[in-house]
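Below is run-v1.cif, which holds mmCIF, C-alpha atoms.
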```cif
data_entry
loop_
_atom_site.label_atom_id
_atom_site.label_comp_id
_atom_site.auth_asym_id
_atom_site.auth_seq_id
_atom_site.Cartn_x
_atom_site.Cartn_y
_atom_site.Cartn_z
CA MET A 37 75.55 105.63 67.14
CA THR A 38 77.07 106.56 70.52
CA LEU A 39 79.52 108.95 68.86
CA GLY A 40 76.68 110.60 66.95
CA LEU A 41 74.66 111.01 70.13
CA MET A 42 77.59 112.70 71.86
CA LYS A 43 77.94 115.18 69.00
CA ASN A 44 74.27 115.78 68.20
CA VAL A 45 73.10 116.49 71.75
CA GLU A 46 76.26 118.53 72.36
CA VAL A 47 77.50 116.57 75.36
CA GLN A 48 79.97 118.78 77.25
CA GLY A 49 81.57 116.12 79.44
CA ILE A 50 81.09 112.54 80.63
CA ILE A 51 81.69 111.28 84.16
CA GLY A 52 82.73 107.64 83.95
CA PRO A 53 83.50 104.85 83.23
CA THR A 54 83.60 103.12 86.60
CA THR A 55 86.16 100.39 85.81
CA SER A 56 89.50 100.26 84.02
CA MET A 57 88.21 97.50 81.72
CA GLN A 58 85.44 99.76 80.36
CA ALA A 59 87.66 102.79 80.00
CA ASP A 60 89.46 102.10 76.70
CA PHE A 61 86.26 102.20 74.64
CA VAL A 62 84.86 105.32 76.31
CA ILE A 63 88.20 107.16 76.16
CA ASP A 64 88.42 106.54 72.41
CA LEU A 65 84.91 107.93 71.97
CA GLY A 66 85.79 110.99 73.99
CA GLY A 67 88.83 111.61 71.83
CA LYS A 68 86.88 111.32 68.59
CA ALA A 69 84.07 113.58 69.82
CA GLN A 70 86.51 115.90 71.64
CA VAL A 71 84.50 115.50 74.84
CA PRO A 72 86.31 115.26 78.22
CA ILE A 73 85.94 111.88 79.95
CA ILE A 74 86.28 112.21 83.73
CA SER A 75 86.78 108.94 85.61
CA PHE A 76 86.71 108.76 89.41
CA SER A 77 87.48 105.03 89.67
CA ALA A 78 89.44 103.78 86.63
CA THR A 79 92.81 103.34 88.34
CA SER A 80 94.89 101.17 85.98
CA PRO A 81 98.23 102.78 84.97
CA SER A 82 97.70 101.53 81.41
CA LEU A 83 95.08 104.26 80.99
CA SER A 84 96.99 107.42 80.31
CA SER A 85 96.07 111.02 79.59
CA LEU A 86 99.15 111.10 77.36
CA ARG A 87 97.36 108.71 74.99
CA SER A 88 94.19 110.81 74.96
CA PRO A 89 94.22 114.44 76.10
CA TYR A 90 90.46 114.21 76.71
CA PHE A 91 90.83 111.66 79.51
CA ILE A 92 90.80 113.10 83.04
CA ARG A 93 91.61 110.70 85.89
CA ALA A 94 90.01 112.17 89.02
CA THR A 95 91.34 109.41 91.25
CA GLN A 96 94.71 108.10 92.37
CA ILE A 97 96.49 105.88 89.87
CA ASP A 98 97.27 102.36 91.11
CA SER A 99 101.01 102.78 90.62
CA SER A 100 101.11 105.59 93.20
CA GLN A 101 100.72 103.07 96.03
CA VAL A 102 103.68 100.82 95.16
CA GLY A 103 106.00 103.09 97.13
CA ALA A 104 103.92 102.49 100.26
CA ILE A 105 103.89 98.73 99.70
CA SER A 106 107.64 98.48 99.06
CA ALA A 107 108.29 100.65 102.14
CA ILE A 108 106.37 98.14 104.29
CA VAL A 109 108.30 95.23 102.78
CA LYS A 110 111.63 96.98 103.38
CA ALA A 111 110.75 98.01 106.93
CA PHE A 112 110.26 94.37 107.96
CA GLY A 113 113.24 93.05 105.99
CA TRP A 114 111.37 90.56 103.83
CA ARG A 115 113.49 89.42 100.89
CA GLU A 116 110.95 87.68 98.65
CA VAL A 117 107.39 88.64 97.71
CA VAL A 118 104.75 86.96 95.55
CA PRO A 119 102.13 89.20 93.87
CA VAL A 120 98.65 87.67 93.66
CA TYR A 121 96.53 89.52 91.12
CA VAL A 122 93.56 89.18 88.79
CA ASP A 123 94.26 88.35 85.15
CA ASN A 124 92.88 91.43 83.41
CA GLU A 125 93.91 94.98 82.53
CA PHE A 126 93.17 96.20 86.05
CA GLY A 127 95.24 93.50 87.72
CA GLU A 128 98.17 93.58 85.32
CA GLY A 129 98.48 97.37 85.21
CA ILE A 130 100.20 97.73 88.58
CA ILE A 131 102.63 94.79 88.26
CA PRO A 132 105.49 96.43 86.27
CA PHE A 133 105.55 99.33 88.74
CA LEU A 134 105.38 96.99 91.74
CA THR A 135 108.22 94.75 90.55
CA ASP A 136 110.37 97.80 89.76
CA ALA A 137 109.77 99.19 93.26
CA LEU A 138 110.67 95.85 94.83
CA GLU A 139 113.81 95.49 92.70
CA GLU A 140 114.99 98.89 93.93
CA ILE A 141 115.10 97.49 97.48
CA ASP A 142 116.63 94.15 96.39
CA VAL A 143 113.48 92.11 96.94
CA ARG A 144 112.93 89.11 94.64
CA VAL A 145 109.66 88.14 92.98
CA PRO A 146 110.13 84.37 92.51
CA TYR A 147 106.59 83.74 91.26
CA ARG A 148 103.48 85.58 90.14
CA SER A 149 100.10 84.15 91.07
CA ILE A 150 97.66 85.13 88.32
CA ILE A 151 93.99 84.48 89.10
CA PRO A 152 91.35 84.34 86.32
CA PRO A 153 88.54 86.89 86.88
CA SER A 154 85.96 84.09 86.79
CA ALA A 155 87.98 81.62 88.89
CA THR A 156 85.92 79.04 90.74
CA ASP A 157 86.48 78.25 94.41
CA ASP A 158 88.22 75.03 93.37
CA GLN A 159 90.62 76.96 91.13
CA LEU A 160 91.39 79.34 93.97
CA VAL A 161 92.16 76.45 96.31
CA VAL A 162 94.48 74.82 93.75
CA GLU A 163 96.47 78.05 93.37
CA LEU A 164 96.58 78.63 97.13
CA TYR A 165 97.95 75.14 97.70
CA LYS A 166 100.65 75.92 95.12
CA LEU A 167 101.59 79.01 97.12
CA MET A 168 101.61 76.95 100.30
CA THR A 169 104.37 74.70 98.93
CA MET A 170 106.75 77.63 98.37
CA GLN A 171 109.18 79.07 100.89
CA THR A 172 107.90 82.64 100.39
CA ARG A 173 105.22 83.68 102.86
CA VAL A 174 104.72 87.33 101.83
CA PHE A 175 101.86 87.88 99.39
CA ILE A 176 100.63 91.15 97.86
CA VAL A 177 97.01 90.89 96.69
CA HIS A 178 95.69 93.21 93.97
CA MET A 179 92.11 92.47 92.95
CA LEU A 180 88.60 93.76 93.49
CA PRO A 181 86.69 92.74 96.64
CA SER A 182 84.32 90.42 94.76
CA LEU A 183 87.21 88.07 93.95
CA GLY A 184 89.47 88.96 96.85
CA SER A 185 86.85 88.11 99.46
CA ARG A 186 86.56 84.57 98.07
CA LEU A 187 90.34 84.25 97.93
CA PHE A 188 90.75 85.09 101.61
CA THR A 189 87.82 82.91 102.63
CA LYS A 190 89.50 79.91 101.00
CA ALA A 191 92.92 80.89 102.37
CA LYS A 192 91.43 80.86 105.85
CA GLU A 193 89.81 77.46 105.28
CA ILE A 194 93.06 75.75 104.25
CA GLY A 195 95.21 77.29 106.99
CA MET A 196 96.97 80.14 105.18
CA MET A 197 95.87 82.80 107.65
CA SER A 198 98.06 81.40 110.41
CA GLU A 199 101.45 82.34 111.84
CA ASP A 200 104.33 82.90 109.38
CA TYR A 201 102.01 84.33 106.70
CA VAL A 202 102.03 87.96 105.55
CA TRP A 203 99.23 89.33 103.39
CA ILE A 204 99.24 92.89 102.04
CA ILE A 205 96.23 94.19 100.10
CA THR A 206 96.25 97.17 97.76
CA ASP A 207 93.72 99.97 98.03
CA ALA A 208 91.38 98.10 95.67
CA MET A 209 90.32 96.04 98.69
CA ALA A 210 91.52 98.20 101.57
CA ASN A 211 89.26 101.08 100.49
CA GLU A 212 86.26 98.74 100.69
CA LEU A 213 86.87 97.13 104.09
CA SER A 214 84.03 99.06 105.73
CA SER A 215 81.48 97.63 103.28
CA MET A 216 82.61 93.98 103.37
CA ASP A 217 80.61 91.25 105.04
CA GLN A 218 81.80 90.43 108.56
CA SER A 219 82.39 86.79 107.60
CA VAL A 220 84.92 87.98 105.01
CA ILE A 221 86.57 90.33 107.50
CA ASN A 222 86.88 87.39 109.90
CA SER A 223 88.89 85.51 107.27
CA MET A 224 91.23 88.50 106.76
CA GLN A 225 92.33 89.00 110.37
CA GLY A 226 95.95 90.14 110.63
CA ILE A 227 96.51 91.33 107.07
CA LEU A 228 98.00 94.73 106.21
CA GLY A 229 96.64 97.12 103.62
CA VAL A 230 97.21 100.52 102.08
CA LYS A 231 94.24 102.79 101.46
CA SER A 232 93.60 106.34 100.34
CA ASN A 233 93.70 108.71 103.26
CA VAL A 234 90.69 110.99 103.71
CA LEU A 235 90.80 113.77 106.29
CA ARG A 236 87.70 114.01 108.48
CA THR A 237 86.57 117.58 107.82
CA LYS A 238 83.38 119.33 108.88
CA GLU A 239 82.27 119.47 105.25
CA LEU A 240 82.72 115.71 104.90
CA GLU A 241 80.79 115.01 108.10
CA ASN A 242 77.87 117.18 106.99
CA PHE A 243 77.81 115.61 103.54
CA THR A 244 77.90 112.09 105.01
CA VAL A 245 74.88 112.85 107.21
CA ARG A 246 72.90 114.16 104.22
CA TRP A 247 73.95 111.24 102.04
CA LYS A 248 72.96 108.62 104.62
CA ARG A 249 69.57 110.25 105.09
CA LYS A 250 68.81 110.17 101.36
CA PHE A 251 70.27 106.68 100.93
CA LEU A 252 68.09 105.23 103.69
CA GLN A 253 65.00 106.82 102.17
CA ALA A 254 65.69 104.96 98.93
CA ASN A 255 67.08 101.78 100.57
CA PRO A 256 65.44 101.39 104.01
CA THR A 257 66.80 97.85 104.52
CA LEU A 258 70.49 98.79 104.04
CA VAL A 259 71.13 100.44 107.39
CA ASN A 260 74.93 99.92 107.53
CA ALA A 261 75.86 101.32 104.12
CA GLU A 262 79.04 103.42 104.05
CA LEU A 263 80.21 105.99 101.51
CA ASN A 264 83.61 104.88 100.18
CA ILE A 265 86.44 106.85 98.60
CA PHE A 266 85.07 106.40 95.08
CA GLY A 267 81.75 107.93 96.11
CA LEU A 268 83.60 110.95 97.47
CA ARG A 269 85.69 111.26 94.32
CA ALA A 270 82.58 110.97 92.16
CA TYR A 271 81.18 113.97 94.04
CA ASP A 272 84.46 115.87 93.63
CA ALA A 273 84.58 115.04 89.90
CA THR A 274 81.04 116.38 89.50
CA THR A 275 82.00 119.51 91.43
CA ALA A 276 85.05 120.03 89.20
CA LEU A 277 82.90 119.68 86.08
CA ALA A 278 80.43 122.24 87.42
CA ILE A 279 83.19 124.71 88.35
CA ALA A 280 84.94 124.35 85.00
CA ASN A 281 81.83 124.61 82.82
CA GLY A 282 82.34 126.78 79.75
CA PRO A 283 83.43 126.78 76.11
CA MET A 284 87.00 125.76 76.99
CA LEU A 285 85.91 122.99 79.34
CA LEU A 286 88.95 120.72 78.98
CA GLN A 287 91.43 123.51 79.68
CA ALA A 288 89.29 124.77 82.54
CA LEU A 289 89.23 121.31 84.11
CA GLN A 290 93.01 121.07 83.91
CA ASN A 291 93.29 124.37 85.80
CA THR A 292 90.59 123.70 88.39
CA THR A 293 91.75 123.36 91.98
CA PHE A 294 89.68 123.18 95.16
CA ARG A 295 89.39 121.39 98.48
CA GLY A 296 87.06 118.45 97.85
CA LEU A 297 85.48 115.87 100.12
CA SER A 298 88.23 113.35 99.32
CA GLY A 299 91.08 115.87 99.56
CA ASP A 300 92.76 118.45 97.33
CA PHE A 301 91.54 118.36 93.72
CA TYR A 302 94.59 119.22 91.65
CA LEU A 303 95.39 117.82 88.20
CA VAL A 304 98.76 117.50 86.46
CA ASP A 305 98.64 116.22 82.86
CA GLY A 306 95.07 115.07 83.42
CA GLN A 307 95.94 113.05 86.52
CA LEU A 308 94.81 113.71 90.10
CA GLN A 309 97.88 114.21 92.26
CA SER A 310 98.55 111.63 94.94
CA SER A 311 97.64 112.14 98.56
CA PRO A 312 99.11 110.23 101.53
CA TYR A 313 98.25 106.57 102.00
CA GLN A 314 97.06 105.17 105.29
CA ILE A 315 98.46 101.81 106.40
CA VAL A 316 95.85 99.62 108.09
CA ASN A 317 95.81 96.35 110.00
CA VAL A 318 92.63 94.26 109.74
CA ILE A 319 91.54 93.50 113.29
CA GLY A 320 88.07 92.83 114.68
CA ASN A 321 85.40 94.51 112.57
CA GLY A 322 87.64 96.16 109.98
CA GLY A 323 90.83 98.07 109.27
CA ARG A 324 92.63 99.85 112.11
CA GLY A 325 95.03 102.64 111.15
CA ILE A 326 98.64 101.99 112.19
CA GLY A 327 100.46 104.68 110.23
CA PHE A 328 100.82 106.59 106.99
CA TRP A 329 103.10 106.75 103.97
CA THR A 330 103.98 109.82 101.92
CA PRO A 331 106.42 110.09 98.99
CA LYS A 332 108.37 112.75 100.89
CA ASN A 333 108.60 111.21 104.37
CA GLY A 334 108.08 107.49 103.86
CA ILE A 335 106.44 105.64 106.77
CA ILE A 336 105.26 107.91 109.57
CA ARG A 337 103.04 107.37 112.60
CA GLU A 338 101.09 110.62 112.22
CA LEU A 339 100.75 112.97 109.25
CA ASN A 340 101.82 115.96 111.35
CA PHE A 341 104.90 114.14 112.69
CA THR A 342 107.99 116.38 112.28
CA ASN A 343 110.83 114.71 114.24
CA SER A 344 113.91 115.15 112.03
CA ASN A 345 115.74 112.30 113.79
CA THR A 346 113.17 109.69 112.78
CA ASP A 347 114.17 106.89 110.39
CA PHE A 348 111.24 106.96 107.97
CA ARG A 349 112.10 103.46 106.74
CA SER A 350 111.67 101.87 110.16
CA LYS A 351 108.81 99.60 111.22
CA SER A 352 108.95 101.35 114.60
CA ASN A 353 107.05 104.22 112.98
CA LEU A 354 104.00 101.96 112.75
CA GLY A 355 101.54 101.26 115.52
CA SER A 356 101.11 97.82 117.06
CA ILE A 357 100.23 95.07 114.58
CA ILE A 358 98.32 91.84 115.13
CA TRP A 359 99.53 89.39 112.48
CA PRO A 360 97.73 86.32 111.10
CA GLY A 361 97.53 83.66 113.78
CA ASP A 362 96.83 86.36 116.41
CA THR A 363 100.52 87.01 117.08
CA THR A 364 102.39 90.26 117.67
CA SER A 365 105.72 88.90 116.40
CA PRO A 366 106.49 90.00 112.82
CA PRO A 367 106.75 86.97 110.49
CA LYS A 368 110.19 86.36 108.99
CA GLY A 369 108.60 86.01 105.55
CA TRP A 370 109.70 82.51 104.65
CA VAL A 371 109.58 78.87 105.72
CA ILE A 372 111.35 75.75 104.56
CA PRO A 373 109.45 74.67 101.42
CA THR A 374 107.63 71.36 101.54
CA ASN A 375 108.69 70.31 98.04
CA GLY A 376 111.98 72.15 97.57
CA LYS A 377 115.19 70.48 96.43
CA LYS A 378 117.98 70.35 98.97
CA LEU A 379 121.39 71.89 98.40
CA ARG A 380 123.88 69.02 98.29
CA VAL A 381 127.14 69.96 100.05
CA GLY A 382 130.11 67.73 99.30
CA VAL A 383 132.30 66.96 102.33
CA PRO A 384 135.77 65.38 101.90
CA VAL A 385 136.53 62.28 103.96
CA LYS A 386 140.19 62.57 105.02
CA ASP A 387 142.38 61.56 107.89
CA GLY A 388 143.70 64.36 110.10
CA PHE A 389 142.53 67.92 110.76
CA SER A 390 139.41 66.54 112.42
CA GLN A 391 138.85 69.86 114.18
CA PHE A 392 137.89 71.34 110.80
CA VAL A 393 135.76 68.54 109.34
CA THR A 394 134.89 65.14 110.76
CA VAL A 395 132.64 62.58 109.08
CA THR A 396 131.27 59.92 111.44
CA ARG A 397 129.18 56.99 110.26
CA ASN A 398 126.93 55.00 112.62
CA PRO A 399 127.06 51.34 111.51
CA GLY A 400 123.80 50.52 113.28
CA SER A 401 121.61 53.22 111.75
CA ASN A 402 123.76 53.75 108.65
CA LYS A 403 123.47 57.51 109.28
CA THR A 404 126.34 59.91 108.69
CA THR A 405 127.12 62.87 110.95
CA VAL A 406 129.30 65.77 109.78
CA THR A 407 130.85 68.11 112.37
CA GLY A 408 133.77 70.52 112.75
CA TYR A 409 134.71 74.17 112.59
CA CYS A 410 134.03 74.48 108.84
CA ILE A 411 130.58 73.01 109.30
CA ASP A 412 129.83 75.41 112.17
CA VAL A 413 130.79 78.40 110.01
CA PHE A 414 128.68 77.14 107.11
CA GLU A 415 125.65 76.57 109.36
CA ALA A 416 126.03 80.07 110.85
CA VAL A 417 125.96 81.62 107.38
CA ILE A 418 122.92 79.56 106.36
CA THR A 419 121.08 80.58 109.53
CA ALA A 420 121.81 84.27 108.92
CA LEU A 421 120.26 84.24 105.44
CA PRO A 422 116.81 85.90 105.20
CA TYR A 423 115.37 82.83 103.44
CA ALA A 424 115.46 79.06 103.80
CA VAL A 425 118.19 76.93 102.20
CA PRO A 426 117.41 73.24 102.78
CA HIS A 427 120.66 71.33 102.54
CA GLU A 428 122.31 67.99 103.19
CA TYR A 429 125.95 66.90 103.54
CA ILE A 430 127.23 64.30 101.11
CA PRO A 431 130.52 62.62 102.19
CA PHE A 432 132.95 62.36 99.28
CA ALA A 433 134.28 58.86 99.87
CA THR A 434 134.72 55.40 98.39
CA PRO A 435 131.92 52.83 98.85
CA ASP A 436 133.74 51.38 101.88
CA GLY A 437 133.84 54.83 103.56
CA ASN A 438 137.50 55.65 102.99
CA SER A 439 138.93 58.84 101.51
CA ALA A 440 138.15 59.13 97.80
#
```

As structure tokens - that is how I would like this structure written.
Amino acid sequence: MTLGLMKNVEVQGIIGPTTSMQADFVIDLGGKAQVPIISFSATSPSLSSLRSPYFIRATQIDSSQVGAISAIVKAFGWREVVPVYVDNEFGEGIIPFLTDALEEIDVRVPYRSIIPPSATDDQLVVELYKLMTMQTRVFIVHMLPSLGSRLFTKAKEIGMMSEDYVWIITDAMANELSSMDQSVINSMQGILGVKSNVLRTKELENFTVRWKRKFLQANPTLVNAELNIFGLRAYDATTALAIANGPMLLQALQNTTFRGLSGDFYLVDGQLQSSPYQIVNVIGNGGRGIGFWTPKNGIIRELNFTNSNTDFRSKSNLGSIIWPGDTTSPPKGWVIPTNGKKLRVGVPVKDGFSQFVTVTRNPGSNKTTVTGYCIDVFEAVITALPYAVPHEYIPFATPDGNSA
């Protein structure tokens, strides 16, 4: 029926769908009817123009931000990261690209926290407590604000927005910070995020004024509404469709370039080309910009920064950051796990060479103390590791305490 409608009324192009989960069905219809499908918000990498030449993605693909995320992780020297993402096509789409980017900088992913789309608050708390028992304290959250806001509210309630924790949100949430309830923002204080960067141009300012005026006429009670990046890209997608109108619409769309409200509109293989990402720190009423990331330059403080001597991998290129727990000291990214097994280190009990290893047993407390040069070297190595290694010394001796 839908396919017949598209053909019979001679539909020239369709703007939509709005989510990655809806896209598969609509893309297939577009291919069968040979009608271009232009999406301004379906971001999952699993949706590809290579699969259907009639699919135009007029927004940044999720995988384009993994470089920015991995650059942040590398800049602060964190060695383990746990992705926290929603269990659907949108959530899963970014994960292979994220893990590949982390592997390239020798960062481990010891666990993946997969959250059902319809998870209850109790289910969220159970999963958060599981994360709390691990030594890793760096979490990358990829989910829509409807679920993510509840996740952070519960994380705040159980004490996971305190010192030692690092939370990084993808643009799925970072792009929506301005429209989130203040109570949710209060539970997200100190997190980092990457969001699409939009230059404040005169055209954008004029459009925003006109949009707010019309929006308030239709919704007089919503006085604080903000136009987000997807609204701007919807406008740009509509503009592109109007510019490219004609008998060879698909080809015309592929060749259409202009300066839109959200940035340069330029397609390659049906995909909008990536623009710089802004790195934000959630403080006070929302996200505060602390730097940018570009594929060419890495992390930079300002987009027009041109100092050739700058190390674009350094955290010094970022502005000041307030971390969870209201601290300015960067978290080390790990703690000693509450339920982890200890490394058992066998220590020989022998006479002589006490300067290297000495095992002393206190008869009163029945406690054993191990000291010596070898122990000092071992402890120095353990301390220098970028993660926790709980350990205990086990004297290798007979039951009466003599050399075995």

Exercise: Ile151 in chain A partners within 9 Å, all atoms listed in the file, chain neighbours under 6 positions left out, as a list in words:
Val120, Tyr121, Val122, Asp123, Gln159, Leu160 and Glu163 of chain A

Those selected residues, please, written with C-alpha atoms and delivered as a PDB file, in the coordinates of the input.
```
ATOM      1  CA  VAL A 120      98.650  87.670  93.660  1.00  0.00           C
ATOM      2  CA  TYR A 121      96.530  89.520  91.120  1.00  0.00           C
ATOM      3  CA  VAL A 122      93.560  89.180  88.790  1.00  0.00           C
ATOM      4  CA  ASP A 123      94.260  88.350  85.150  1.00  0.00           C
ATOM      5  CA  GLN A 159      90.620  76.960  91.130  1.00  0.00           C
ATOM      6  CA  LEU A 160      91.390  79.340  93.970  1.00  0.00           C
ATOM      7  CA  GLU A 163      96.470  78.050  93.370  1.00  0.00           C
TER       8      GLU A 163
END
```

| said: Show me the residues close to (109.4, 77.5, 100.8) - anything with an atom within 12 Å, counting only C-alpha atoms - and format the list as a PyMOL selection string. | reply: chain A and resi 116-118+146-147+166-174+200-201+369-378+423-426

If I take CA of Val385 in chain A and CA of Thr405 in chain A, how far is one from the other in Å, to one decimal?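 Spanning CA of Val385 in chain A to CA of Thr405 in chain A is a straight-line distance of 11.7 Å.
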
- [ ] Would you write out, as a count of residues only, every residue that the PyMOL selection byres ((chain A and resi 232-243) around 8) captures in this file?
- [x] 16

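Take the PyMOL selection byres ((chain A and resi 190-192) around 10) and apply it to this file: it picks Asp157, Asp158, Leu160, Val161, Leu164, Tyr165, Met168, Gly184, Ser185, Arg186, Leu187, Phe188, Thr189, Glu193, Ile194, Gly195, Met196, Met197, Ser198, Val220, Asn222, Ser223, Met224, Gln225 and Pro360 of chain A.
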
### Task
Given the file shown, determine the residues that the PyMOL selection byres ((chain A and resi 271-288) around 9) selects; report them as a PyMOL selection string.
chain A and resi 48-49+51+71-72+74-76+89-90+92+94-95+266-270+289-299+301

Within 12 Å of Thr404 in chain A, counting all atoms listed in the file, which residues show up once you throw out same-chain ones fewer than 2 positions away? Write them as a list in words, please.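 Once the adjacent positions are removed, what remains is Val383, Val385, Thr394, Val395, Thr396, Arg397, Asn398, Pro399, Gly400, Ser401, Asn402, Val406, Thr407, Glu428, Tyr429, Ile430, Pro431, Phe432, Ala433 and Gly437 of chain A.
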
Next, dump the selected residues to file, keeping only C-alpha atoms, as an mmCIF file, keeping the file's coordinate frame.
```cif
data_model
loop_
_atom_site.group_PDB
_atom_site.id
_atom_site.type_symbol
_atom_site.label_atom_id
_atom_site.label_comp_id
_atom_site.auth_asym_id
_atom_site.auth_seq_id
_atom_site.Cartn_x
_atom_site.Cartn_y
_atom_site.Cartn_z
ATOM 1 C CA VAL A 383 132.300 66.960 102.330
ATOM 2 C CA VAL A 385 136.530 62.280 103.960
ATOM 3 C CA THR A 394 134.890 65.140 110.760
ATOM 4 C CA VAL A 395 132.640 62.580 109.080
ATOM 5 C CA THR A 396 131.270 59.920 111.440
ATOM 6 C CA ARG A 397 129.180 56.990 110.260
ATOM 7 C CA ASN A 398 126.930 55.000 112.620
ATOM 8 C CA PRO A 399 127.060 51.340 111.510
ATOM 9 C CA GLY A 400 123.800 50.520 113.280
ATOM 10 C CA SER A 401 121.610 53.220 111.750
ATOM 11 C CA ASN A 402 123.760 53.750 108.650
ATOM 12 C CA VAL A 406 129.300 65.770 109.780
ATOM 13 C CA THR A 407 130.850 68.110 112.370
ATOM 14 C CA GLU A 428 122.310 67.990 103.190
ATOM 15 C CA TYR A 429 125.950 66.900 103.540
ATOM 16 C CA ILE A 430 127.230 64.300 101.110
ATOM 17 C CA PRO A 431 130.520 62.620 102.190
ATOM 18 C CA PHE A 432 132.950 62.360 99.280
ATOM 19 C CA ALA A 433 134.280 58.860 99.870
ATOM 20 C CA GLY A 437 133.840 54.830 103.560
#
```

I'd like to know which of A:Ile227, A:Ala137, A:Ile108, A:Val145 is closest to Val177 in chain A, using all atoms listed in the file.
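Going through A:Ile227, A:Ala137, A:Ile108, A:Val145 one by one, the smallest distance to Val177 in chain A is for A:Ile227.
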
The distance between CA of Ile63 in chain A and CA of Val304 in chain A is 18.0 Å

Exercise for review: Using all atoms listed in the file, determine which residues lie at most 6 Å from Ala78 in chain A, disregarding the query and same-chain residues fewer than 5 positions distant; provide the list as a PyMOL selection string.
Suggested key: chain A and resi 54-56

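Protein, DNA and RNA residues at most 7 Å from (97.1, 97.6, 91.8), with all atoms listed in the file, are these: Asp98, Ser99, Gly127, Gly129, Ile130, His178, Thr206 and Ala208 of chain A.
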
Could the residues in this selection be saved with C-alpha atoms as a tab-separated table (two decimals), keeping the file's coordinate frame?
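Okay, this is what ended up in again_34.tsv:
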```tsv
chain	number	residue	atom	x	y	z
A	98	ASP	CA	97.27	102.36	91.11
A	99	SER	CA	101.01	102.78	90.62
A	127	GLY	CA	95.24	93.50	87.72
A	129	GLY	CA	98.48	97.37	85.21
A	130	ILE	CA	100.20	97.73	88.58
A	178	HIS	CA	95.69	93.21	93.97
A	206	THR	CA	96.25	97.17	97.76
A	208	ALA	CA	91.38	98.10	95.67
```

- Find the residue from A:Glu125, A:Glu212, A:Asp412, A:Asp305 that sits nearest to Asn264 in chain A; use only C-alpha atoms when measuring.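 Closest to Asn264 in chain A, using only C-alpha atoms: A:Glu212.
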
Kindly add N, CA and C atoms to the incomplete range 279-290 of chain A and provide the output as a tab-separated table (two decimals), in the frame of the given file.
```
chain	number	residue	atom	x	y	z
A	279	ILE	N	82.35	123.51	88.21
A	279	ILE	CA	83.19	124.71	88.35
A	279	ILE	C	83.79	125.11	87.01
A	280	ALA	N	84.20	124.09	86.23
A	280	ALA	CA	84.94	124.35	85.00
A	280	ALA	C	84.04	124.56	83.79
A	281	ASN	N	82.76	124.53	83.94
A	281	ASN	CA	81.83	124.61	82.82
A	281	ASN	C	82.09	125.86	81.97
A	282	GLY	N	82.09	125.66	80.65
A	282	GLY	CA	82.34	126.78	79.75
A	282	GLY	C	82.81	126.29	78.40
A	283	PRO	N	83.04	127.19	77.47
A	283	PRO	CA	83.43	126.78	76.11
A	283	PRO	C	84.78	126.08	76.05
A	284	MET	N	85.69	126.41	76.95
A	284	MET	CA	87.00	125.76	76.99
A	284	MET	C	87.05	124.80	78.17
A	285	LEU	N	86.11	123.84	78.18
A	285	LEU	CA	85.91	122.99	79.34
A	285	LEU	C	87.15	122.19	79.69
A	286	LEU	N	87.80	121.57	78.70
A	286	LEU	CA	88.95	120.72	78.98
A	286	LEU	C	90.07	121.52	79.65
A	287	GLN	N	90.39	122.67	79.10
A	287	GLN	CA	91.43	123.51	79.68
A	287	GLN	C	91.04	124.00	81.07
A	288	ALA	N	89.76	124.32	81.24
A	288	ALA	CA	89.29	124.77	82.54
A	288	ALA	C	89.40	123.67	83.59
A	289	LEU	N	89.10	122.44	83.18
A	289	LEU	CA	89.23	121.31	84.11
A	289	LEU	C	90.68	121.13	84.55
A	290	GLN	N	91.60	121.24	83.59
A	290	GLN	CA	93.01	121.07	83.91
A	290	GLN	C	93.49	122.11	84.92
```
